[in-house]
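Everything below belongs to coords01.csv, which stores CSV, C-alpha atoms and all ligand atoms.
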```csv
chain,number,residue,atom,x,y,z
A,24,MET,CA,-18.1,62.9,-100.3
A,25,ALA,CA,-15.5,65.5,-101.5
A,26,ILE,CA,-16.2,69.0,-100.2
A,27,LEU,CA,-13.1,70.5,-101.7
A,28,GLU,CA,-11.0,69.5,-104.7
A,29,CYS,CA,-7.8,71.1,-106.0
A,30,LYS,CA,-6.7,70.2,-109.6
A,31,ASP,CA,-3.3,71.1,-111.0
A,32,LEU,CA,-3.1,74.2,-108.9
A,33,CYS,CA,-0.3,76.7,-109.5
A,34,PHE,CA,0.3,80.0,-107.8
A,35,ALA,CA,2.7,82.9,-108.8
A,36,TYR,CA,3.7,86.3,-107.5
A,37,GLU,CA,4.5,88.8,-110.2
A,38,GLY,CA,4.9,86.1,-112.8
A,39,LYS,CA,7.2,84.0,-110.7
A,40,ARG,CA,5.8,80.5,-109.8
A,41,VAL,CA,6.1,79.7,-106.1
A,42,LEU,CA,3.8,76.6,-105.9
A,43,GLU,CA,2.7,74.2,-108.6
A,44,GLY,CA,1.2,70.8,-109.3
A,45,VAL,CA,-1.1,70.7,-106.3
A,46,ASN,CA,-3.8,68.0,-106.6
A,47,PHE,CA,-5.8,66.8,-103.6
A,48,SER,CA,-9.3,66.5,-102.4
A,49,LEU,CA,-10.8,66.7,-99.0
A,50,ASN,CA,-13.8,64.6,-97.9
A,51,ALA,CA,-16.3,65.6,-95.3
A,52,GLY,CA,-14.8,64.8,-91.9
A,53,ASP,CA,-11.2,64.7,-93.1
A,54,TYR,CA,-8.4,66.3,-91.0
A,55,LEU,CA,-5.7,67.4,-93.3
A,56,CYS,CA,-2.4,68.8,-92.1
A,57,VAL,CA,-0.3,70.9,-94.6
A,58,VAL,CA,3.4,70.7,-93.8
A,59,GLY,CA,6.6,71.9,-95.4
A,60,GLU,CA,9.5,74.1,-94.7
A,61,ASN,CA,9.4,77.9,-94.6
A,62,GLY,CA,8.7,79.4,-98.0
A,63,SER,CA,7.3,76.1,-99.4
A,64,GLY,CA,3.9,77.7,-100.3
A,65,LYS,CA,1.6,76.8,-97.3
A,66,SER,CA,0.3,80.3,-96.8
A,67,THR,CA,-0.1,80.9,-100.5
A,68,LEU,CA,-2.3,77.7,-100.7
A,69,ILE,CA,-4.4,78.9,-97.7
A,70,LYS,CA,-4.9,82.3,-99.4
A,71,GLY,CA,-6.0,80.4,-102.6
A,72,LEU,CA,-8.5,78.3,-100.6
A,73,LEU,CA,-10.0,81.3,-99.0
A,74,GLY,CA,-10.4,83.0,-102.4
A,75,LEU,CA,-7.9,85.7,-101.5
A,76,LYS,CA,-5.4,84.8,-104.2
A,77,ALA,CA,-6.3,83.6,-107.6
A,78,PRO,CA,-4.4,80.6,-109.0
A,79,GLU,CA,-2.2,81.1,-112.0
A,80,GLN,CA,-3.5,77.8,-113.3
A,81,GLY,CA,-5.8,75.0,-112.1
A,82,SER,CA,-9.0,74.9,-110.1
A,83,ILE,CA,-10.3,74.9,-106.6
A,84,THR,CA,-13.8,73.4,-106.5
A,85,LEU,CA,-16.0,73.6,-103.4
A,86,SER,CA,-19.0,71.3,-103.2
A,87,ASP,CA,-21.7,70.1,-100.8
A,88,GLY,CA,-23.0,73.7,-100.7
A,89,LEU,CA,-19.8,75.1,-99.2
A,90,LYS,CA,-18.8,78.7,-100.1
A,91,ALA,CA,-15.4,80.3,-99.6
A,92,THR,CA,-17.1,82.8,-97.2
A,93,GLU,CA,-18.4,79.8,-95.1
A,94,ILE,CA,-14.9,78.6,-94.2
A,95,GLY,CA,-14.0,79.2,-90.6
A,96,TYR,CA,-10.5,80.7,-90.6
A,97,LEU,CA,-8.0,81.0,-87.8
A,98,PRO,CA,-5.1,83.2,-89.1
A,99,GLN,CA,-1.5,83.1,-88.1
A,100,GLN,CA,-1.1,85.4,-85.1
A,101,THR,CA,0.7,88.7,-85.3
A,102,GLN,CA,1.6,91.1,-82.4
A,103,VAL,CA,-1.0,93.6,-83.7
A,104,GLN,CA,-3.7,90.9,-83.5
A,105,ARG,CA,-2.6,89.9,-80.0
A,106,ASP,CA,-3.1,93.5,-78.8
A,107,PHE,CA,-6.5,93.9,-80.4
A,108,PRO,CA,-8.6,96.1,-78.2
A,109,ALA,CA,-12.0,94.3,-78.0
A,110,SER,CA,-13.8,92.0,-75.5
A,111,VAL,CA,-13.7,88.2,-75.9
A,112,TYR,CA,-17.4,88.3,-76.9
A,113,GLU,CA,-16.9,91.0,-79.6
A,114,VAL,CA,-14.0,89.0,-81.1
A,115,VAL,CA,-16.1,85.8,-81.2
A,116,LEU,CA,-19.2,87.6,-82.6
A,117,SER,CA,-17.1,89.0,-85.4
A,118,GLY,CA,-16.9,85.5,-86.8
A,119,CYS,CA,-20.6,85.9,-87.7
A,120,LEU,CA,-19.9,88.9,-90.0
A,121,ASN,CA,-20.3,86.9,-93.2
A,122,SER,CA,-23.7,85.7,-92.0
A,123,LEU,CA,-25.1,89.2,-91.6
A,124,GLY,CA,-26.1,89.5,-95.2
A,125,SER,CA,-27.8,92.8,-95.8
A,126,LYS,CA,-28.6,93.3,-92.1
A,127,LEU,CA,-26.8,96.1,-90.2
A,128,PHE,CA,-26.9,94.5,-86.7
A,129,TYR,CA,-26.2,91.1,-85.3
A,130,THR,CA,-29.5,89.1,-84.9
A,131,LYS,CA,-30.5,87.2,-81.8
A,132,GLU,CA,-29.6,84.0,-83.6
A,133,LEU,CA,-26.1,85.1,-84.4
A,134,LYS,CA,-25.5,86.3,-80.8
A,135,GLN,CA,-26.8,82.9,-79.7
A,136,ARG,CA,-24.3,81.2,-82.0
A,137,ALA,CA,-21.5,83.2,-80.5
A,138,MET,CA,-22.5,82.3,-77.0
A,139,GLU,CA,-22.8,78.6,-77.9
A,140,ASN,CA,-19.3,78.6,-79.5
A,141,MET,CA,-17.8,80.3,-76.4
A,142,GLU,CA,-19.4,77.6,-74.3
A,143,ARG,CA,-18.0,74.9,-76.6
A,144,MET,CA,-14.5,76.4,-76.1
A,145,GLY,CA,-14.9,76.9,-72.4
A,146,ILE,CA,-14.5,80.7,-72.5
A,147,GLU,CA,-18.0,81.9,-71.6
A,148,GLU,CA,-16.9,83.0,-68.2
A,149,ILE,CA,-14.3,85.3,-69.6
A,150,LYS,CA,-16.6,86.8,-72.3
A,151,ASP,CA,-16.4,90.4,-71.0
A,152,GLU,CA,-12.6,90.3,-70.5
A,153,SER,CA,-10.3,92.2,-72.8
A,154,TYR,CA,-8.9,89.9,-75.5
A,155,GLN,CA,-5.4,91.5,-75.2
A,156,ASN,CA,-5.1,90.6,-71.5
A,157,LEU,CA,-5.6,86.9,-72.1
A,158,SER,CA,-2.9,84.2,-72.2
A,159,GLY,CA,-1.8,82.9,-75.6
A,160,GLY,CA,-3.8,79.7,-75.0
A,161,GLN,CA,-7.0,81.6,-74.1
A,162,GLN,CA,-6.6,83.9,-77.1
A,163,GLN,CA,-6.4,80.9,-79.5
A,164,ARG,CA,-9.6,79.4,-77.9
A,165,VAL,CA,-11.3,82.7,-78.6
A,166,LEU,CA,-10.1,82.7,-82.2
A,167,LEU,CA,-11.3,79.1,-82.6
A,168,ALA,CA,-14.7,80.0,-81.3
A,169,ARG,CA,-14.7,82.9,-83.7
A,170,ALA,CA,-13.8,80.6,-86.6
A,171,LEU,CA,-16.6,78.2,-85.6
A,172,CYS,CA,-19.1,81.0,-85.8
A,173,ALA,CA,-18.3,81.2,-89.5
A,174,THR,CA,-18.7,77.5,-90.5
A,175,LYS,CA,-20.6,74.3,-90.1
A,176,LYS,CA,-18.3,72.4,-92.5
A,177,LEU,CA,-14.7,73.5,-92.8
A,178,LEU,CA,-12.1,75.0,-90.5
A,179,LEU,CA,-8.9,76.4,-91.9
A,180,LEU,CA,-6.2,76.8,-89.2
A,181,ASP,CA,-2.9,78.5,-89.9
A,182,GLU,CA,-0.3,77.5,-87.3
A,183,PRO,CA,-2.8,77.5,-84.4
A,184,VAL,CA,-0.3,76.4,-81.7
A,185,THR,CA,2.7,78.5,-82.6
A,186,GLY,CA,4.0,80.3,-79.5
A,187,LEU,CA,1.9,78.2,-77.1
A,188,ASP,CA,3.5,76.2,-74.2
A,189,PRO,CA,3.2,72.4,-74.4
A,190,ILE,CA,0.1,72.2,-72.2
A,191,ALA,CA,-1.8,74.9,-74.1
A,192,SER,CA,-0.7,73.3,-77.4
A,193,GLY,CA,-2.0,69.9,-76.3
A,194,GLU,CA,-5.3,71.4,-75.2
A,195,MET,CA,-5.7,73.2,-78.5
A,196,TYR,CA,-4.9,70.0,-80.5
A,197,ASN,CA,-7.5,68.1,-78.4
A,198,LEU,CA,-10.1,70.7,-78.9
A,199,ILE,CA,-9.6,70.7,-82.7
A,200,LYS,CA,-9.8,66.9,-82.9
A,201,LEU,CA,-12.9,67.0,-80.8
A,202,ILE,CA,-14.6,69.5,-83.1
A,203,ASN,CA,-13.5,67.3,-86.1
A,204,LEU,CA,-14.8,64.1,-84.6
A,205,CYS,CA,-18.0,65.2,-82.7
A,206,ASP,CA,-19.2,67.9,-85.1
A,207,ASN,CA,-17.9,66.3,-88.3
A,208,ILE,CA,-16.3,69.6,-89.3
A,209,SER,CA,-13.4,69.0,-91.7
A,210,VAL,CA,-10.1,70.6,-90.8
A,211,ILE,CA,-7.2,71.9,-92.8
A,212,MET,CA,-4.3,72.9,-90.6
A,213,VAL,CA,-1.0,74.4,-91.5
A,214,SER,CA,1.5,73.0,-89.0
A,215,HIS,CA,5.2,73.2,-88.3
A,216,ASP,CA,5.0,70.3,-85.9
A,217,ILE,CA,5.1,67.2,-88.0
A,218,HIS,CA,5.0,64.8,-85.0
A,219,GLU,CA,1.7,66.2,-83.8
A,220,ALA,CA,0.4,66.5,-87.4
A,221,VAL,CA,0.8,62.8,-88.0
A,222,ARG,CA,-0.7,62.0,-84.6
A,223,TYR,CA,-4.0,63.9,-85.1
A,224,ALA,CA,-4.5,64.2,-88.8
A,225,THR,CA,-6.2,61.7,-91.1
A,226,HIS,CA,-4.3,63.1,-94.2
A,227,ILE,CA,-1.0,64.9,-94.9
A,228,LEU,CA,-0.2,67.3,-97.7
A,229,HIS,CA,3.6,68.0,-97.8
A,230,LEU,CA,4.6,71.0,-99.9
A,231,GLY,CA,8.0,72.1,-101.2
A,232,HIS,CA,7.2,74.6,-104.0
A,233,SER,CA,5.2,71.7,-105.5
A,234,GLN,CA,3.2,68.8,-104.0
A,235,LEU,CA,5.7,66.4,-102.5
A,236,PHE,CA,3.2,64.1,-100.9
A,237,PHE,CA,-0.6,63.7,-100.4
A,238,GLY,CA,-2.1,60.7,-98.8
A,239,THR,CA,-3.2,59.3,-95.4
A,240,ALA,CA,-1.2,60.0,-92.3
A,241,ALA,CA,-0.5,56.2,-92.1
A,242,GLU,CA,1.0,56.2,-95.7
A,243,TYR,CA,3.0,59.4,-94.9
A,244,ARG,CA,4.5,57.7,-91.8
A,245,GLN,CA,5.9,55.0,-94.1
A,246,SER,CA,7.2,57.3,-96.7
A,247,SER,CA,10.9,58.1,-97.2
A,248,LEU,CA,9.9,61.8,-97.4
A,249,ALA,CA,8.6,61.8,-93.8
A,250,ARG,CA,11.8,60.1,-92.6
A,251,ARG,CA,14.0,62.6,-94.5
A,252,PHE,CA,11.9,65.6,-93.2
A,253,LEU,CA,12.4,64.4,-89.7
A,254,GLY,CA,16.1,63.8,-90.1
A,255,GLY,CA,15.8,60.1,-89.3
A,256,GLY,CA,13.6,60.7,-86.2
A,257,GLN,CA,10.7,58.5,-85.2
A,258,ILE,CA,7.1,59.5,-85.8
A,301,LIG,P1,5.1,79.3,-96.3
A,301,LIG,O1,3.8,79.7,-95.8
A,301,LIG,O2,5.2,77.8,-96.6
A,301,LIG,O3,6.2,79.8,-95.5
A,301,LIG,P2,4.6,81.1,-98.5
A,301,LIG,O4,3.4,80.7,-99.2
A,301,LIG,O5,4.5,82.3,-97.5
A,301,LIG,O6,5.3,79.9,-97.8
A,301,LIG,O7,5.7,81.6,-99.6
A,301,LIG,C1,5.9,80.8,-100.7
A,301,LIG,C2,6.9,81.6,-101.6
A,301,LIG,O8,6.2,82.7,-102.1
A,301,LIG,C3,8.2,82.1,-100.9
A,301,LIG,O9,9.2,82.0,-101.8
A,301,LIG,C4,7.8,83.5,-100.6
A,301,LIG,O10,9.0,84.3,-100.7
A,301,LIG,C5,6.9,83.9,-101.8
A,301,LIG,N1,5.9,84.9,-101.5
A,301,LIG,C6,5.0,84.8,-100.5
A,301,LIG,N2,4.2,85.9,-100.5
A,301,LIG,C7,4.7,86.7,-101.4
A,301,LIG,C8,4.3,88.0,-101.9
A,301,LIG,N3,3.3,88.7,-101.4
A,301,LIG,N4,5.0,88.5,-102.9
A,301,LIG,C9,6.0,87.9,-103.5
A,301,LIG,N5,6.5,86.6,-103.1
A,301,LIG,C10,5.8,86.1,-102.1
```

Translate the structure of the given file into structure tokens.
Amino acid sequence: MAILECKDLCFAYEGKRVLEGVNFSLNAGDYLCVVGENGSGKSTLIKGLLGLKAPEQGSITLSDGLKATEIGYLPQQTQVQRDFPASVYEVVLSGCLNSLGSKLFYTKELKQRAMENMERMGIEEIKDESYQNLSGGQQQRVLLARALCATKKLLLLDEPVTGLDPIASGEMYNLIKLINLCDNISVIMVSHDIHEAVRYATHILHLGHSQLFFGTAAEYRQSSLARRFLGGGQI
């Protein structure tokens, strides 16, 4: 069942088109990796999916009761975010903000949700530590727990392993795959690492100012585009 469908999507900044012809759908349980070179339109698409940037043309349809505010989002990391002065628990709990509704304070249920997601990510023992003192890998686990507080259906992850060492990257990829398989949460991940993308994802969307490829990871592996993108390397 499709939970998200993009039809003939185009995006522009100040009248200048930067991305066009995007057509794909995401079914419940899919793990889609969005790849493409710098400036190819990946972040613009993410902003569109989150409802932060209106398309110039085309449509984004969410179904199965999914709302844009119920997408769990892990943004690209900036230095300012890395130095954010809050505890691990506070950062994770902030993922419940959209569930507050008209209430002024976090309910017992939302605090329980934050605790459960910290346990899932194995960070409950560092819940009172300052976020800014954590390693890069720990910080990403905290942000993943935060994103999980916001959703039961779809995670949108923008470059979640950038800047991590190979061990922390591997752990992050495994955690994401586990969430995808065990909790049946669909994943859309922007990634620079095409080798890992093809290994973990079920589907690939390759952008280059337009949609260059959309299909299964197996189909992508066979495509001339994948071979060209990798400069003849093996995937
Ligand atoms: P990617 O995430 O793949 O690196 P982006 O979506 O950030 O690509 O950018 C796609 C294109 O849109 C690029 O040519 C970029 O310069 C342009 N662009 C991105 N953000 C803006 C903006 N706020 N204003 C004008 N142009 C932008």

Tell me which of A:Cys119, A:Val58, A:Val165, A:Ala51 sits closest to Asn203 in chain A, counting only C-alpha atoms. A:Ala51

Residue neighbourhood Lys150 in chain A, 12 Å, only C-alpha atoms, exclusion window fewer than 4 positions, as a PyMOL selection string: chain A and resi 109-116+137-142+144-146+154+157+161-162+164-165+168

Proximity of chain A to ligand LIG 301 (chain A): per-residue shortest pair, 12 Å limit, all atoms listed in the file, as a tab-separated table:
```
residue	atom	partner	partner_atom	distance
A:Cys33	CA	A:LIG301	C1	11.5
A:Phe34	CA	A:LIG301	O8	8.6
A:Ala35	CA	A:LIG301	O8	7.6
A:Tyr36	CA	A:LIG301	C9	4.9
A:Glu37	CA	A:LIG301	C9	6.9
A:Gly38	CA	A:LIG301	C9	9.5
A:Lys39	CA	A:LIG301	N5	8.1
A:Arg40	CA	A:LIG301	O8	8.0
A:Val41	CA	A:LIG301	C2	4.9
A:Leu42	CA	A:LIG301	C1	7.0
A:Glu43	CA	A:LIG301	C1	10.8
A:Val57	CA	A:LIG301	O2	9.0
A:Val58	CA	A:LIG301	O2	7.8
A:Gly59	CA	A:LIG301	O2	6.2
A:Glu60	CA	A:LIG301	O2	6.0
A:Asn61	CA	A:LIG301	O3	3.8
A:Gly62	CA	A:LIG301	O6	3.4
A:Ser63	CA	A:LIG301	O2	3.9
A:Gly64	CA	A:LIG301	O4	3.2
A:Lys65	CA	A:LIG301	O2	3.8
A:Ser66	CA	A:LIG301	O1	3.7
A:Thr67	CA	A:LIG301	O4	3.7
A:Leu68	CA	A:LIG301	O4	6.6
A:Ile69	CA	A:LIG301	O4	8.1
A:Lys70	CA	A:LIG301	O4	8.5
A:Gly71	CA	A:LIG301	O4	10.0
A:Leu75	CA	A:LIG301	N3	11.6
A:Lys76	CA	A:LIG301	N3	9.9
A:Pro98	CA	A:LIG301	O1	11.7
A:Gln99	CA	A:LIG301	O1	9.9
A:Asp181	CA	A:LIG301	O1	9.0
A:Glu182	CA	A:LIG301	O1	9.7
A:Met212	CA	A:LIG301	O1	11.8
A:Val213	CA	A:LIG301	O1	8.3
A:Ser214	CA	A:LIG301	O2	9.7
A:His215	CA	A:LIG301	O2	9.5
A:Leu228	CA	A:LIG301	O2	11.9
A:His229	CA	A:LIG301	O2	10.0
A:Leu230	CA	A:LIG301	O2	7.6
A:Gly231	CA	A:LIG301	O2	7.8
A:His232	CA	A:LIG301	C1	7.1
A:Ser233	CA	A:LIG301	C1	10.3
A:Gln234	CA	A:LIG301	O2	11.8
```

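The point (-10.2, 67.0, -102.0) has these residues within 9 Å of it when only C-alpha atoms are used: Ala25, Ile26, Leu27, Glu28, Cys29, Lys30, Asn46, Phe47, Ser48, Leu49, Asn50, Thr84 and Leu85 of chain A.
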
With C-alpha atoms retained, export the selected residues as a short mmCIF file (atom, residue, chain, number, x, y, z; two decimals), in the frame of the given file.
```cif
data_model
loop_
_atom_site.label_atom_id
_atom_site.label_comp_id
_atom_site.auth_asym_id
_atom_site.auth_seq_id
_atom_site.Cartn_x
_atom_site.Cartn_y
_atom_site.Cartn_z
CA ALA A 25 -15.50 65.50 -101.50
CA ILE A 26 -16.20 69.00 -100.20
CA LEU A 27 -13.10 70.50 -101.70
CA GLU A 28 -11.00 69.50 -104.70
CA CYS A 29 -7.80 71.10 -106.00
CA LYS A 30 -6.70 70.20 -109.60
CA ASN A 46 -3.80 68.00 -106.60
CA PHE A 47 -5.80 66.80 -103.60
CA SER A 48 -9.30 66.50 -102.40
CA LEU A 49 -10.80 66.70 -99.00
CA ASN A 50 -13.80 64.60 -97.90
CA THR A 84 -13.80 73.40 -106.50
CA LEU A 85 -16.00 73.60 -103.40
#
```

Atom-to-atom span, CA of Ile208 in chain A and CA of Gln135 in chain A, Å: 19.5 Å

Within 12 Å of (-0.3, 72.7, -74.6), in the coordinates the file gives, what residues turn up when you count all atoms listed in the file, written out as a PyMOL selection string? chain A and resi 159-161+163-164+183-198+219

What is the CA of Tyr223 in chain A-CA of Val210 in chain A distance in Å, reported with one decimal? 10.7 Å

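Using only C-alpha atoms, the nearest neighbour of Lys90 in chain A within the list A:Val45, A:Ala173, A:Leu204, A:Leu123 is A:Ala173.
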
Using only C-alpha atoms, the best pick from A:Gly95, A:Pro108, A:Gly124, A:Gly74 as closest to Leu167 in chain A would be A:Gly95

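Across the structure, CA of Thr174 in chain A and CA of Ser153 in chain A are spaced 24.5 Å apart.
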